[in-house]
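Quick look at work_15.pdb (PDB, C-alpha atoms and all ligand atoms):
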```
MODEL        1
ATOM      1  CA  MET A   1     116.645  65.752  93.628
ATOM      2  CA  LYS A   2     118.512  68.749  92.218
ATOM      3  CA  LYS A   3     120.907  70.769  94.344
ATOM      4  CA  ILE A   4     121.084  74.562  94.327
ATOM      5  CA  ALA A   5     124.244  76.537  93.561
ATOM      6  CA  LEU A   6     124.662  80.312  93.838
ATOM      7  CA  VAL A   7     127.363  81.594  91.479
ATOM      8  CA  THR A   8     128.474  85.224  91.820
ATOM      9  CA  GLY A   9     129.898  86.928  88.741
ATOM     10  CA  ALA A  10     128.114  84.638  86.299
ATOM     11  CA  THR A  11     127.795  87.123  83.419
ATOM     12  CA  ALA A  12     131.243  86.234  82.034
ATOM     13  CA  GLY A  13     134.313  84.054  82.293
ATOM     14  CA  ILE A  14     134.724  81.498  85.065
ATOM     15  CA  GLY A  15     131.377  82.222  86.726
ATOM     16  CA  LYS A  16     129.429  81.828  83.497
ATOM     17  CA  ALA A  17     131.180  78.562  82.579
ATOM     18  CA  THR A  18     130.628  77.268  86.116
ATOM     19  CA  ALA A  19     126.915  78.067  86.120
ATOM     20  CA  GLN A  20     126.560  76.310  82.761
ATOM     21  CA  LEU A  21     128.490  73.224  83.858
ATOM     22  CA  LEU A  22     126.705  72.919  87.206
ATOM     23  CA  ALA A  23     123.350  73.208  85.427
ATOM     24  CA  ARG A  24     124.363  70.320  83.166
ATOM     25  CA  ASN A  25     125.180  68.298  86.286
ATOM     26  CA  ASN A  26     122.012  68.316  88.330
ATOM     27  CA  PHE A  27     122.130  71.798  89.865
ATOM     28  CA  ASP A  28     119.584  74.584  89.691
ATOM     29  CA  VAL A  29     121.525  77.834  89.714
ATOM     30  CA  ILE A  30     121.229  81.350  91.069
ATOM     31  CA  ILE A  31     123.334  83.560  88.806
ATOM     32  CA  THR A  32     124.480  87.056  89.797
ATOM     33  CA  GLY A  33     126.261  90.026  88.257
ATOM     34  CA  ARG A  34     125.666  93.692  87.441
ATOM     35  CA  ARG A  35     124.743  93.256  83.740
ATOM     36  CA  ASN A  36     121.078  92.338  83.719
ATOM     37  CA  ASN A  37     120.910  91.697  79.955
ATOM     38  CA  LEU A  38     123.675  89.087  80.191
ATOM     39  CA  LEU A  39     121.995  87.420  83.150
ATOM     40  CA  ALA A  40     118.738  87.190  81.165
ATOM     41  CA  GLU A  41     120.570  85.737  78.136
ATOM     42  CA  LEU A  42     122.340  83.160  80.285
ATOM     43  CA  LYS A  43     119.115  82.147  82.003
ATOM     44  CA  THR A  44     117.464  81.469  78.627
ATOM     45  CA  ALA A  45     120.497  79.599  77.295
ATOM     46  CA  ILE A  46     120.908  77.371  80.351
ATOM     47  CA  GLU A  47     117.206  76.612  80.747
ATOM     48  CA  SER A  48     116.749  75.667  77.114
ATOM     49  CA  GLU A  49     119.919  73.548  77.032
ATOM     50  CA  THR A  50     119.672  71.745  80.365
ATOM     51  CA  GLY A  51     116.159  72.045  81.776
ATOM     52  CA  ALA A  52     117.695  73.312  85.037
ATOM     53  CA  GLN A  53     115.962  76.226  86.753
ATOM     54  CA  VAL A  54     117.886  79.494  86.753
ATOM     55  CA  LEU A  55     117.237  82.489  88.985
ATOM     56  CA  PRO A  56     119.061  85.702  87.988
ATOM     57  CA  LEU A  57     119.880  88.329  90.628
ATOM     58  CA  CYS A  58     121.296  91.647  89.438
ATOM     59  CA  PHE A  59     123.306  93.532  92.070
ATOM     60  CA  ASP A  60     126.717  94.959  92.892
ATOM     61  CA  VAL A  61     128.574  92.878  95.493
ATOM     62  CA  GLN A  62     130.364  96.022  96.678
ATOM     63  CA  ILE A  63     127.171  97.559  98.059
ATOM     64  CA  TYR A  64     126.068  95.854 101.253
ATOM     65  CA  ASN A  65     122.417  96.998 101.013
ATOM     66  CA  GLU A  66     122.157  95.661  97.465
ATOM     67  CA  VAL A  67     123.576  92.315  98.569
ATOM     68  CA  VAL A  68     121.148  92.040 101.486
ATOM     69  CA  ASN A  69     118.110  93.116  99.456
ATOM     70  CA  ALA A  70     118.904  90.777  96.571
ATOM     71  CA  LEU A  71     119.617  87.719  98.685
ATOM     72  CA  GLU A  72     116.770  88.294 101.131
ATOM     73  CA  SER A  73     114.365  88.645  98.172
ATOM     74  CA  LEU A  74     114.903  84.994  97.272
ATOM     75  CA  PRO A  75     111.992  82.617  97.838
ATOM     76  CA  ASP A  76     112.710  80.096 100.616
ATOM     77  CA  ARG A  77     113.273  77.241  98.151
ATOM     78  CA  TRP A  78     116.271  79.103  96.702
ATOM     79  CA  LYS A  79     117.698  79.930 100.120
ATOM     80  CA  ASN A  80     118.148  76.200 100.507
ATOM     81  CA  THR A  81     121.502  76.757  98.801
ATOM     82  CA  ASP A  82     123.868  73.784  98.799
ATOM     83  CA  VAL A  83     126.852  75.395  97.108
ATOM     84  CA  LEU A  84     128.104  78.990  97.034
ATOM     85  CA  ILE A  85     130.709  79.935  94.418
ATOM     86  CA  ASN A  86     132.320  83.239  95.467
ATOM     87  CA  ASN A  87     133.679  84.142  92.050
ATOM     88  CA  ALA A  88     132.810  87.811  91.355
ATOM     89  CA  GLY A  89     136.056  89.724  91.256
ATOM     90  CA  LEU A  90     138.463  91.764  89.210
ATOM     91  CA  ALA A  91     141.837  93.366  88.829
ATOM     92  CA  ALA A  92     141.730  97.097  88.052
ATOM     93  CA  GLY A  93     144.919  98.567  86.627
ATOM     94  CA  LEU A  94     148.554  97.461  86.842
ATOM     95  CA  ASP A  95     150.530 100.140  88.639
ATOM     96  CA  PHE A  96     153.454 100.747  90.956
ATOM     97  CA  ILE A  97     152.222 101.229  94.505
ATOM     98  CA  GLN A  98     153.280 104.895  94.525
ATOM     99  CA  GLU A  99     151.206 105.570  91.411
ATOM    100  CA  GLY A 100     148.136 103.372  91.919
ATOM    101  CA  SER A 101     144.651 104.802  91.574
ATOM    102  CA  LEU A 102     142.632 104.991  94.792
ATOM    103  CA  ILE A 103     139.490 104.244  92.813
ATOM    104  CA  ASP A 104     141.032 101.031  91.454
ATOM    105  CA  TRP A 105     142.246  99.992  94.902
ATOM    106  CA  GLU A 106     138.858 100.539  96.478
ATOM    107  CA  GLN A 107     137.060  98.678  93.712
ATOM    108  CA  MET A 108     139.337  95.640  94.056
ATOM    109  CA  ILE A 109     139.157  95.565  97.849
ATOM    110  CA  ASP A 110     135.406  96.232  97.932
ATOM    111  CA  THR A 111     134.659  93.538  95.337
ATOM    112  CA  ASN A 112     137.208  90.781  95.945
ATOM    113  CA  VAL A 113     137.292  90.989  99.739
ATOM    114  CA  LYS A 114     134.309  92.875 101.146
ATOM    115  CA  GLY A 115     131.838  91.600  98.526
ATOM    116  CA  LEU A 116     132.903  88.014  99.187
ATOM    117  CA  LEU A 117     132.434  88.612 102.913
ATOM    118  CA  TYR A 118     128.979  90.191 102.516
ATOM    119  CA  ILE A 119     127.722  87.247 100.452
ATOM    120  CA  THR A 120     129.330  84.626 102.676
ATOM    121  CA  ARG A 121     127.902  86.052 105.886
ATOM    122  CA  ILE A 122     124.345  85.723 104.570
ATOM    123  CA  VAL A 123     124.629  82.424 102.706
ATOM    124  CA  SER A 124     126.565  80.640 105.477
ATOM    125  CA  GLY A 125     123.676  81.700 107.737
ATOM    126  CA  TRP A 126     121.336  79.703 105.480
ATOM    127  CA  MET A 127     123.660  76.669 105.500
ATOM    128  CA  ILE A 128     124.288  76.446 109.249
ATOM    129  CA  PRO A 129     120.768  75.299 110.280
ATOM    130  CA  LYS A 130     120.934  72.578 107.584
ATOM    131  CA  LYS A 131     124.305  71.392 108.920
ATOM    132  CA  ALA A 132     125.479  71.127 105.311
ATOM    133  CA  GLY A 133     126.900  73.304 102.586
ATOM    134  CA  HIS A 134     129.945  74.022 100.470
ATOM    135  CA  ILE A 135     131.593  77.393  99.886
ATOM    136  CA  VAL A 136     134.034  77.665  96.989
ATOM    137  CA  ASN A 137     136.159  80.812  96.889
ATOM    138  CA  ILE A 138     137.999  81.793  93.730
ATOM    139  CA  GLY A 139     141.488  82.809  94.777
ATOM    140  CA  SER A 140     144.440  83.020  92.400
ATOM    141  CA  ILE A 141     148.117  82.315  91.847
ATOM    142  CA  ALA A 142     148.156  86.018  92.802
ATOM    143  CA  GLY A 143     147.142  84.881  96.283
ATOM    144  CA  ARG A 144     150.355  82.870  96.572
ATOM    145  CA  GLU A 145     152.887  85.078  94.742
ATOM    146  CA  VAL A 146     153.205  88.843  94.503
ATOM    147  CA  TYR A 147     154.236  90.465  91.231
ATOM    148  CA  GLU A 148     155.375  93.935  90.164
ATOM    149  CA  LYS A 149     152.558  96.498  89.895
ATOM    150  CA  GLY A 150     150.039  93.935  91.152
ATOM    151  CA  SER A 151     150.368  94.417  94.892
ATOM    152  CA  VAL A 152     146.809  95.482  95.639
ATOM    153  CA  TYR A 153     145.172  92.804  93.461
ATOM    154  CA  CYS A 154     147.574  90.249  94.977
ATOM    155  CA  ALA A 155     146.697  91.492  98.476
ATOM    156  CA  THR A 156     143.006  90.885  97.786
ATOM    157  CA  LYS A 157     143.744  87.327  96.650
ATOM    158  CA  PHE A 158     146.042  86.694  99.647
ATOM    159  CA  ALA A 159     142.996  87.811 101.648
ATOM    160  CA  VAL A 160     140.809  85.270  99.837
ATOM    161  CA  ASP A 161     143.315  82.574 100.829
ATOM    162  CA  ALA A 162     143.295  83.723 104.476
ATOM    163  CA  LEU A 163     139.503  83.989 104.519
ATOM    164  CA  SER A 164     139.162  80.497 103.042
ATOM    165  CA  ARG A 165     141.370  79.057 105.796
ATOM    166  CA  GLY A 166     139.520  81.035 108.456
ATOM    167  CA  MET A 167     136.082  80.105 107.167
ATOM    168  CA  ARG A 168     137.080  76.441 107.158
ATOM    169  CA  ILE A 169     137.943  76.712 110.852
ATOM    170  CA  ASP A 170     134.838  78.706 111.800
ATOM    171  CA  LEU A 171     132.452  76.474 109.854
ATOM    172  CA  VAL A 172     133.903  73.013 110.517
ATOM    173  CA  SER A 173     131.562  72.333 113.438
ATOM    174  CA  HIS A 174     128.616  73.127 111.130
ATOM    175  CA  ASN A 175     129.681  70.536 108.551
ATOM    176  CA  ILE A 176     130.268  73.223 105.902
ATOM    177  CA  LYS A 177     133.054  72.577 103.412
ATOM    178  CA  VAL A 178     135.313  75.405 102.200
ATOM    179  CA  THR A 179     137.417  75.131  99.052
ATOM    180  CA  CYS A 180     139.770  77.700  97.539
ATOM    181  CA  ILE A 181     140.378  77.346  93.786
ATOM    182  CA  GLU A 182     143.472  79.252  92.653
ATOM    183  CA  PRO A 183     143.858  79.634  88.898
ATOM    184  CA  GLY A 184     146.805  80.964  86.950
ATOM    185  CA  MET A 185     146.194  82.784  83.680
ATOM    186  CA  VAL A 186     142.639  82.232  82.374
ATOM    187  CA  ASN A 187     141.457  83.835  79.129
ATOM    188  CA  THR A 188     138.233  85.609  80.150
ATOM    189  CA  GLU A 189     137.202  89.276  80.309
ATOM    190  CA  PHE A 190     139.724  89.614  83.174
ATOM    191  CA  SER A 191     142.469  91.445  81.231
ATOM    192  CA  LEU A 192     139.992  93.558  79.270
ATOM    193  CA  VAL A 193     138.573  94.721  82.616
ATOM    194  CA  ARG A 194     142.039  95.195  84.163
ATOM    195  CA  PHE A 195     143.074  97.388  81.218
ATOM    196  CA  LYS A 196     139.730  99.204  81.104
ATOM    197  CA  GLY A 197     138.617  98.105  77.668
ATOM    198  CA  ASP A 198     142.031  98.341  75.950
ATOM    199  CA  ARG A 199     141.638  95.247  73.727
ATOM    200  CA  LYS A 200     145.194  95.378  72.309
ATOM    201  CA  ARG A 201     146.759  95.411  75.762
ATOM    202  CA  ALA A 202     144.441  92.660  76.971
ATOM    203  CA  ASP A 203     145.176  90.406  73.996
ATOM    204  CA  LYS A 204     148.944  90.802  74.593
ATOM    205  CA  VAL A 205     148.578  88.960  77.927
ATOM    206  CA  TYR A 206     147.619  85.761  76.074
ATOM    207  CA  GLU A 207     149.957  86.221  73.064
ATOM    208  CA  GLY A 208     152.033  83.164  72.160
ATOM    209  CA  VAL A 209     150.686  81.077  75.015
ATOM    210  CA  THR A 210     147.837  78.651  75.491
ATOM    211  CA  PRO A 211     146.165  79.946  78.648
ATOM    212  CA  LEU A 212     143.544  78.209  80.725
ATOM    213  CA  TYR A 213     139.954  78.613  79.629
ATOM    214  CA  ALA A 214     137.005  79.299  81.928
ATOM    215  CA  GLU A 215     135.741  75.754  81.311
ATOM    216  CA  ASP A 216     138.968  74.310  82.782
ATOM    217  CA  ILE A 217     138.251  76.023  86.083
ATOM    218  CA  ALA A 218     134.557  75.112  85.941
ATOM    219  CA  GLU A 219     135.559  71.444  85.678
ATOM    220  CA  ALA A 220     137.750  71.732  88.773
ATOM    221  CA  ILE A 221     134.883  73.382  90.665
ATOM    222  CA  LEU A 222     132.478  70.635  89.573
ATOM    223  CA  PHE A 223     134.960  68.020  90.803
ATOM    224  CA  ALA A 224     135.298  69.753  94.187
ATOM    225  CA  VAL A 225     131.552  70.109  94.762
ATOM    226  CA  THR A 226     130.721  66.539  93.780
ATOM    227  CA  ARG A 227     133.031  64.715  96.229
ATOM    228  CA  PRO A 228     131.347  62.472  98.794
ATOM    229  CA  PRO A 229     130.211  64.097 102.069
ATOM    230  CA  HIS A 230     133.327  63.019 104.009
ATOM    231  CA  VAL A 231     135.798  64.474 101.462
ATOM    232  CA  ASN A 232     136.781  68.132 101.155
ATOM    233  CA  ILE A 233     139.160  69.602  98.587
ATOM    234  CA  ASN A 234     140.811  72.386 100.584
ATOM    235  CA  GLU A 235     142.777  74.010  97.777
ATOM    236  CA  MET A 236     143.504  73.607  94.082
ATOM    237  CA  LEU A 237     146.228  75.585  92.289
ATOM    238  CA  ILE A 238     145.600  75.241  88.553
ATOM    239  CA  MET A 239     148.044  76.668  86.024
ATOM    240  CA  PRO A 240     148.394  76.618  82.250
ATOM    241  CA  THR A 241     151.143  74.167  81.294
ATOM    242  CA  ALA A 242     153.076  77.115  79.851
ATOM    243  CA  GLN A 243     152.959  79.131  83.095
ATOM    244  CA  ALA A 244     155.450  78.064  85.774
ATOM    245  CA  ALA A 245     154.878  80.943  88.205
ATOM    246  CA  ALA A 246     152.902  84.196  88.307
ATOM    247  CA  THR A 247     155.321  85.963  85.970
ATOM    248  CA  ILE A 248     157.114  83.025  84.314
ATOM    249  CA  VAL A 249     155.256  82.273  81.105
ATOM    250  CA  HIS A 250     156.785  80.388  78.186
ATOM    251  CA  ARG A 251     155.692  82.065  74.933
ATOM    252  CA  GLU A 252     156.199  80.512  71.486
TER     253      GLU A 252
HETATM  254  P1  LIG B 301     135.584  88.133  84.116
HETATM  255  O1  LIG B 301     135.885  89.591  84.049
HETATM  256  O2  LIG B 301     135.399  87.388  82.850
HETATM  257  O3  LIG B 301     134.314  87.882  85.053
HETATM  258  C1  LIG B 301     134.176  88.564  86.273
HETATM  259  C2  LIG B 301     132.760  88.403  86.797
HETATM  260  O4  LIG B 301     132.665  89.091  88.054
HETATM  261  C3  LIG B 301     131.733  89.035  85.866
HETATM  262  O5  LIG B 301     130.604  88.194  85.790
HETATM  263  C4  LIG B 301     131.363  90.337  86.567
HETATM  264  O6  LIG B 301     130.002  90.646  86.313
HETATM  265  C5  LIG B 301     131.537  89.952  88.038
HETATM  266  N1  LIG B 301     131.753  91.132  88.876
HETATM  267  C6  LIG B 301     132.830  91.955  88.869
HETATM  268  N2  LIG B 301     132.634  92.966  89.733
HETATM  269  C7  LIG B 301     131.407  92.770  90.287
HETATM  270  C8  LIG B 301     130.634  93.488  91.229
HETATM  271  N3  LIG B 301     131.096  94.614  91.814
HETATM  272  N4  LIG B 301     129.413  93.015  91.563
HETATM  273  C9  LIG B 301     128.948  91.889  90.995
HETATM  274  N5  LIG B 301     129.620  91.164  90.103
HETATM  275  C10 LIG B 301     130.845  91.609  89.739
HETATM  276  O7  LIG B 301     136.811  87.504  84.962
HETATM  277  P2  LIG B 301     137.141  86.011  85.428
HETATM  278  O8  LIG B 301     136.064  85.085  85.079
HETATM  279  O9  LIG B 301     138.517  85.734  84.980
HETATM  280  O10 LIG B 301     137.199  86.257  87.006
HETATM  281  C11 LIG B 301     136.451  85.510  87.931
HETATM  282  C12 LIG B 301     137.267  85.369  89.199
HETATM  283  O11 LIG B 301     138.444  84.624  88.915
HETATM  284  C13 LIG B 301     137.736  86.679  89.808
HETATM  285  O12 LIG B 301     137.607  86.610  91.216
HETATM  286  C14 LIG B 301     139.203  86.742  89.412
HETATM  287  O13 LIG B 301     139.968  87.505  90.327
HETATM  288  C15 LIG B 301     139.571  85.274  89.470
HETATM  289  N6  LIG B 301     140.753  84.876  88.728
HETATM  290  C16 LIG B 301     140.866  85.122  87.394
HETATM  291  C17 LIG B 301     142.009  84.721  86.709
HETATM  292  C18 LIG B 301     142.222  85.021  85.270
HETATM  293  O14 LIG B 301     143.387  84.957  84.811
HETATM  294  N7  LIG B 301     141.197  85.314  84.495
HETATM  295  C19 LIG B 301     143.069  83.965  87.400
HETATM  296  C20 LIG B 301     142.834  83.759  88.801
HETATM  297  C21 LIG B 301     141.716  84.180  89.418
HETATM  298  P3  LIG B 301     129.414  92.094  85.957
HETATM  299  O15 LIG B 301     130.474  92.844  85.226
HETATM  300  O16 LIG B 301     128.192  91.793  85.153
HETATM  301  O17 LIG B 301     129.090  92.689  87.280
HETATM  302  C1  LIG B 302     144.640  86.456  87.909
HETATM  303  C2  LIG B 302     145.971  85.886  87.588
HETATM  304  O1  LIG B 302     148.471  86.353  87.539
HETATM  305  O2  LIG B 302     147.014  87.900  86.340
HETATM  306  O3  LIG B 302     144.309  86.272  89.241
HETATM  307  O4  LIG B 302     147.117  87.942  88.714
HETATM  308  S1  LIG B 302     147.177  87.103  87.553
ENDMDL
END
```
For the structure just supplied, provide its representation as structure tokens.
Ligand code: NDP
Ligand code: 8X3
Amino acid sequence: MKKIALVTGATAGIGKATAQLLARNNFDVIITGRRNNLLAELKTAIESETGAQVLPLCFDVQIYNEVVNALESLPDRWKNTDVLINNAGLAAGLDFIQEGSLIDWEQMIDTNVKGLLYITRIVSGWMIPKKAGHIVNIGSIAGREVYEKGSVYCATKFAVDALSRGMRIDLVSHNIKVTCIEPGMVNTEFSLVRFKGDRKRADKVYEGVTPLYAEDIAEAILFAVTRPPHVNINEMLIMPTAQAAATIVHRE
């Protein structure tokens, strides 16, 4: 029997690769994001390639009412969610603290922290009566190390680390696993979003280095969610070979 995974932020990058890989490995998937056209394209692609069922849900994780309405609209079969991948997130801007944009700060905090909380509160409520479930939060090397001009993004990822530890404690008696996956540099839309569409600046991040690809992180997620019932992967820090620390990257 197929399992059900809910992947937030599945229109691009890590979330998209994860939805695709889970669908190839015996999961039906709920895919979410704000770009409806990309959700529809991904649904068609996954269903024709894998035969898995795909349910797209278009909403903004920052807006609590949208989260509630979208998730509560799911038919009961889909609320039987086995795995939640809390992936939707972003960095907005790269600025000294004294110069940072309030709009950027609020977007990062509302998406990476509050959005993750909104989703988790509802989906963990579906898992508790089943006495089973697995929540995978996408943290970051930025949740372990702080770097110049990145303090607010880093703070949101430190929060994801703290929330993962806290959730694990709160949910242990309900037999719900919690994993935090912490990637280093992954070549996705991340830098394009951080630099607000400035392609040249985004491409510079990956210049002269082989970064991770979204599929590398998807494979780690698949590994974590396919361990036997008595095994939980608490954390995984995954870096490109050429990246030794948040800001130490060897470029050819
Ligand atoms: P992408 O920009 O490629 O993908 C981000 C995804 O999040 C998109 O599907 C986007 O969908 C979704 N998203 C963003 N904001 C919202 C929102 N308000 N509501 C709903 N969905 C939203 O980036 P990545 O794949 O790289 O990022 C995925 C996660 O990985 C993030 O949490 C990021 O912080 C983390 N990460 C990334 C690293 C990297 O180097 N790339 C390294 C470490 C962690 P849409 O725009 O359609 O809403
Ligand atoms: C993304 C990785 O180092 O750009 O979380 O913050 S980093």
Quick one: residues within 8 Å of ligand LIG 302 (chain B), with only C-alpha atoms and all ligand atoms, as an MDAnalysis selection string? chainID A and resid 91 139:143 147 150 153:154 157 182:186 190:191 246:247
Box centre and edge lengths (Å, one decimal), axis-aligned, segment 191-210 of chain A plus 8 Å each side, as lines of an AutoDock Vina configuration file:
```
center_x = 145.3
center_y = 88.9
center_z = 78.2
size_x = 29.5
size_y = 36.6
size_z = 28.0
```
Within 8 Å of (131.9, 99.1, 103.5), in the coordinates the file gives, what residues turn up when you count only C-alpha atoms, written out as a PyMOL selection string? chain A and resi 62-64+110+114
Quick check on the file I pasted: which residues fall under the PyMOL selection byres (((not hetatm)) within 7 of (chain B and resi 301))? Write them as an mmCIF file with C-alpha atoms, keeping the file's coordinate frame.
```
data_model
loop_
_atom_site.group_PDB
_atom_site.id
_atom_site.type_symbol
_atom_site.label_atom_id
_atom_site.label_comp_id
_atom_site.auth_asym_id
_atom_site.auth_seq_id
_atom_site.Cartn_x
_atom_site.Cartn_y
_atom_site.Cartn_z
ATOM 1 C CA THR A 8 128.474 85.224 91.820
ATOM 2 C CA GLY A 9 129.898 86.928 88.741
ATOM 3 C CA ALA A 10 128.114 84.638 86.299
ATOM 4 C CA THR A 11 127.795 87.123 83.419
ATOM 5 C CA ALA A 12 131.243 86.234 82.034
ATOM 6 C CA GLY A 13 134.313 84.054 82.293
ATOM 7 C CA ILE A 14 134.724 81.498 85.065
ATOM 8 C CA GLY A 15 131.377 82.222 86.726
ATOM 9 C CA LYS A 16 129.429 81.828 83.497
ATOM 10 C CA THR A 32 124.480 87.056 89.797
ATOM 11 C CA GLY A 33 126.261 90.026 88.257
ATOM 12 C CA ARG A 34 125.666 93.692 87.441
ATOM 13 C CA ARG A 35 124.743 93.256 83.740
ATOM 14 C CA PHE A 59 123.306 93.532 92.070
ATOM 15 C CA ASP A 60 126.717 94.959 92.892
ATOM 16 C CA VAL A 61 128.574 92.878 95.493
ATOM 17 C CA GLN A 62 130.364 96.022 96.678
ATOM 18 C CA ASN A 87 133.679 84.142 92.050
ATOM 19 C CA ALA A 88 132.810 87.811 91.355
ATOM 20 C CA GLY A 89 136.056 89.724 91.256
ATOM 21 C CA LEU A 90 138.463 91.764 89.210
ATOM 22 C CA ALA A 91 141.837 93.366 88.829
ATOM 23 C CA THR A 111 134.659 93.538 95.337
ATOM 24 C CA ASN A 112 137.208 90.781 95.945
ATOM 25 C CA ILE A 138 137.999 81.793 93.730
ATOM 26 C CA GLY A 139 141.488 82.809 94.777
ATOM 27 C CA SER A 140 144.440 83.020 92.400
ATOM 28 C CA ILE A 141 148.117 82.315 91.847
ATOM 29 C CA GLU A 182 143.472 79.252 92.653
ATOM 30 C CA PRO A 183 143.858 79.634 88.898
ATOM 31 C CA GLY A 184 146.805 80.964 86.950
ATOM 32 C CA MET A 185 146.194 82.784 83.680
ATOM 33 C CA VAL A 186 142.639 82.232 82.374
ATOM 34 C CA ASN A 187 141.457 83.835 79.129
ATOM 35 C CA THR A 188 138.233 85.609 80.150
ATOM 36 C CA GLU A 189 137.202 89.276 80.309
ATOM 37 C CA PHE A 190 139.724 89.614 83.174
ATOM 38 C CA VAL A 193 138.573 94.721 82.616
ATOM 39 C CA ALA A 214 137.005 79.299 81.928
#
```
Give me the result of the PyMOL selection byres (((chain A and resi 167-171) around 12) and not hetatm) on this file, residue by residue, as a ChimeraX atom specification. /A:116-117,120-121,124-125,127-129,131-137,159-166,172-180,232-235
With C-alpha atoms retained, write the just-selected residues as an mmCIF file, in the frame of the given file.
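That gives us again.cif:
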```cif
data_model
loop_
_atom_site.group_PDB
_atom_site.id
_atom_site.type_symbol
_atom_site.label_atom_id
_atom_site.label_comp_id
_atom_site.auth_asym_id
_atom_site.auth_seq_id
_atom_site.Cartn_x
_atom_site.Cartn_y
_atom_site.Cartn_z
ATOM 1 C CA LEU A 116 132.903 88.014 99.187
ATOM 2 C CA LEU A 117 132.434 88.612 102.913
ATOM 3 C CA THR A 120 129.330 84.626 102.676
ATOM 4 C CA ARG A 121 127.902 86.052 105.886
ATOM 5 C CA SER A 124 126.565 80.640 105.477
ATOM 6 C CA GLY A 125 123.676 81.700 107.737
ATOM 7 C CA MET A 127 123.660 76.669 105.500
ATOM 8 C CA ILE A 128 124.288 76.446 109.249
ATOM 9 C CA PRO A 129 120.768 75.299 110.280
ATOM 10 C CA LYS A 131 124.305 71.392 108.920
ATOM 11 C CA ALA A 132 125.479 71.127 105.311
ATOM 12 C CA GLY A 133 126.900 73.304 102.586
ATOM 13 C CA HIS A 134 129.945 74.022 100.470
ATOM 14 C CA ILE A 135 131.593 77.393 99.886
ATOM 15 C CA VAL A 136 134.034 77.665 96.989
ATOM 16 C CA ASN A 137 136.159 80.812 96.889
ATOM 17 C CA ALA A 159 142.996 87.811 101.648
ATOM 18 C CA VAL A 160 140.809 85.270 99.837
ATOM 19 C CA ASP A 161 143.315 82.574 100.829
ATOM 20 C CA ALA A 162 143.295 83.723 104.476
ATOM 21 C CA LEU A 163 139.503 83.989 104.519
ATOM 22 C CA SER A 164 139.162 80.497 103.042
ATOM 23 C CA ARG A 165 141.370 79.057 105.796
ATOM 24 C CA GLY A 166 139.520 81.035 108.456
ATOM 25 C CA VAL A 172 133.903 73.013 110.517
ATOM 26 C CA SER A 173 131.562 72.333 113.438
ATOM 27 C CA HIS A 174 128.616 73.127 111.130
ATOM 28 C CA ASN A 175 129.681 70.536 108.551
ATOM 29 C CA ILE A 176 130.268 73.223 105.902
ATOM 30 C CA LYS A 177 133.054 72.577 103.412
ATOM 31 C CA VAL A 178 135.313 75.405 102.200
ATOM 32 C CA THR A 179 137.417 75.131 99.052
ATOM 33 C CA CYS A 180 139.770 77.700 97.539
ATOM 34 C CA ASN A 232 136.781 68.132 101.155
ATOM 35 C CA ILE A 233 139.160 69.602 98.587
ATOM 36 C CA ASN A 234 140.811 72.386 100.584
ATOM 37 C CA GLU A 235 142.777 74.010 97.777
#
```
Rank A:Met1, A:Leu71, A:Met239, A:Val152 by their smallest atom-to-atom distance to Pro56 of chain A, using all atoms listed in the file, and report the top residue only. A:Leu71
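Separating atom CA of Lys79 of chain A from atom CA of Gly115 of chain A is a distance of 18.4 Å.
Comparing the minimum interatomic distances between Phe27 of chain A and each of A:Ala45, A:Leu192, A:Ala40, A:Leu84, counting only C-alpha atoms, we find that A:Leu84 sits nearest.
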In Å, with one decimal, what is the gap from atom CA of Ile46 of chain A to atom CA of Arg24 of chain A? 8.3 Å
Could you tell me how far atom CA of Met236 of chain A sits from atom CA of Gln53 of chain A, in Å to one decimal place? 28.6 Å
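Distances to Gly100 of chain A were evaluated for A:Thr81, A:Asn36, A:Gln20, A:Ser151 using only C-alpha atoms, and the minimum falls at A:Ser151.
Nearest residue to Ser48 of chain A among A:Val67, A:Ala23, A:Ala242, A:Leu102 is A:Ala23, counting only C-alpha atoms.
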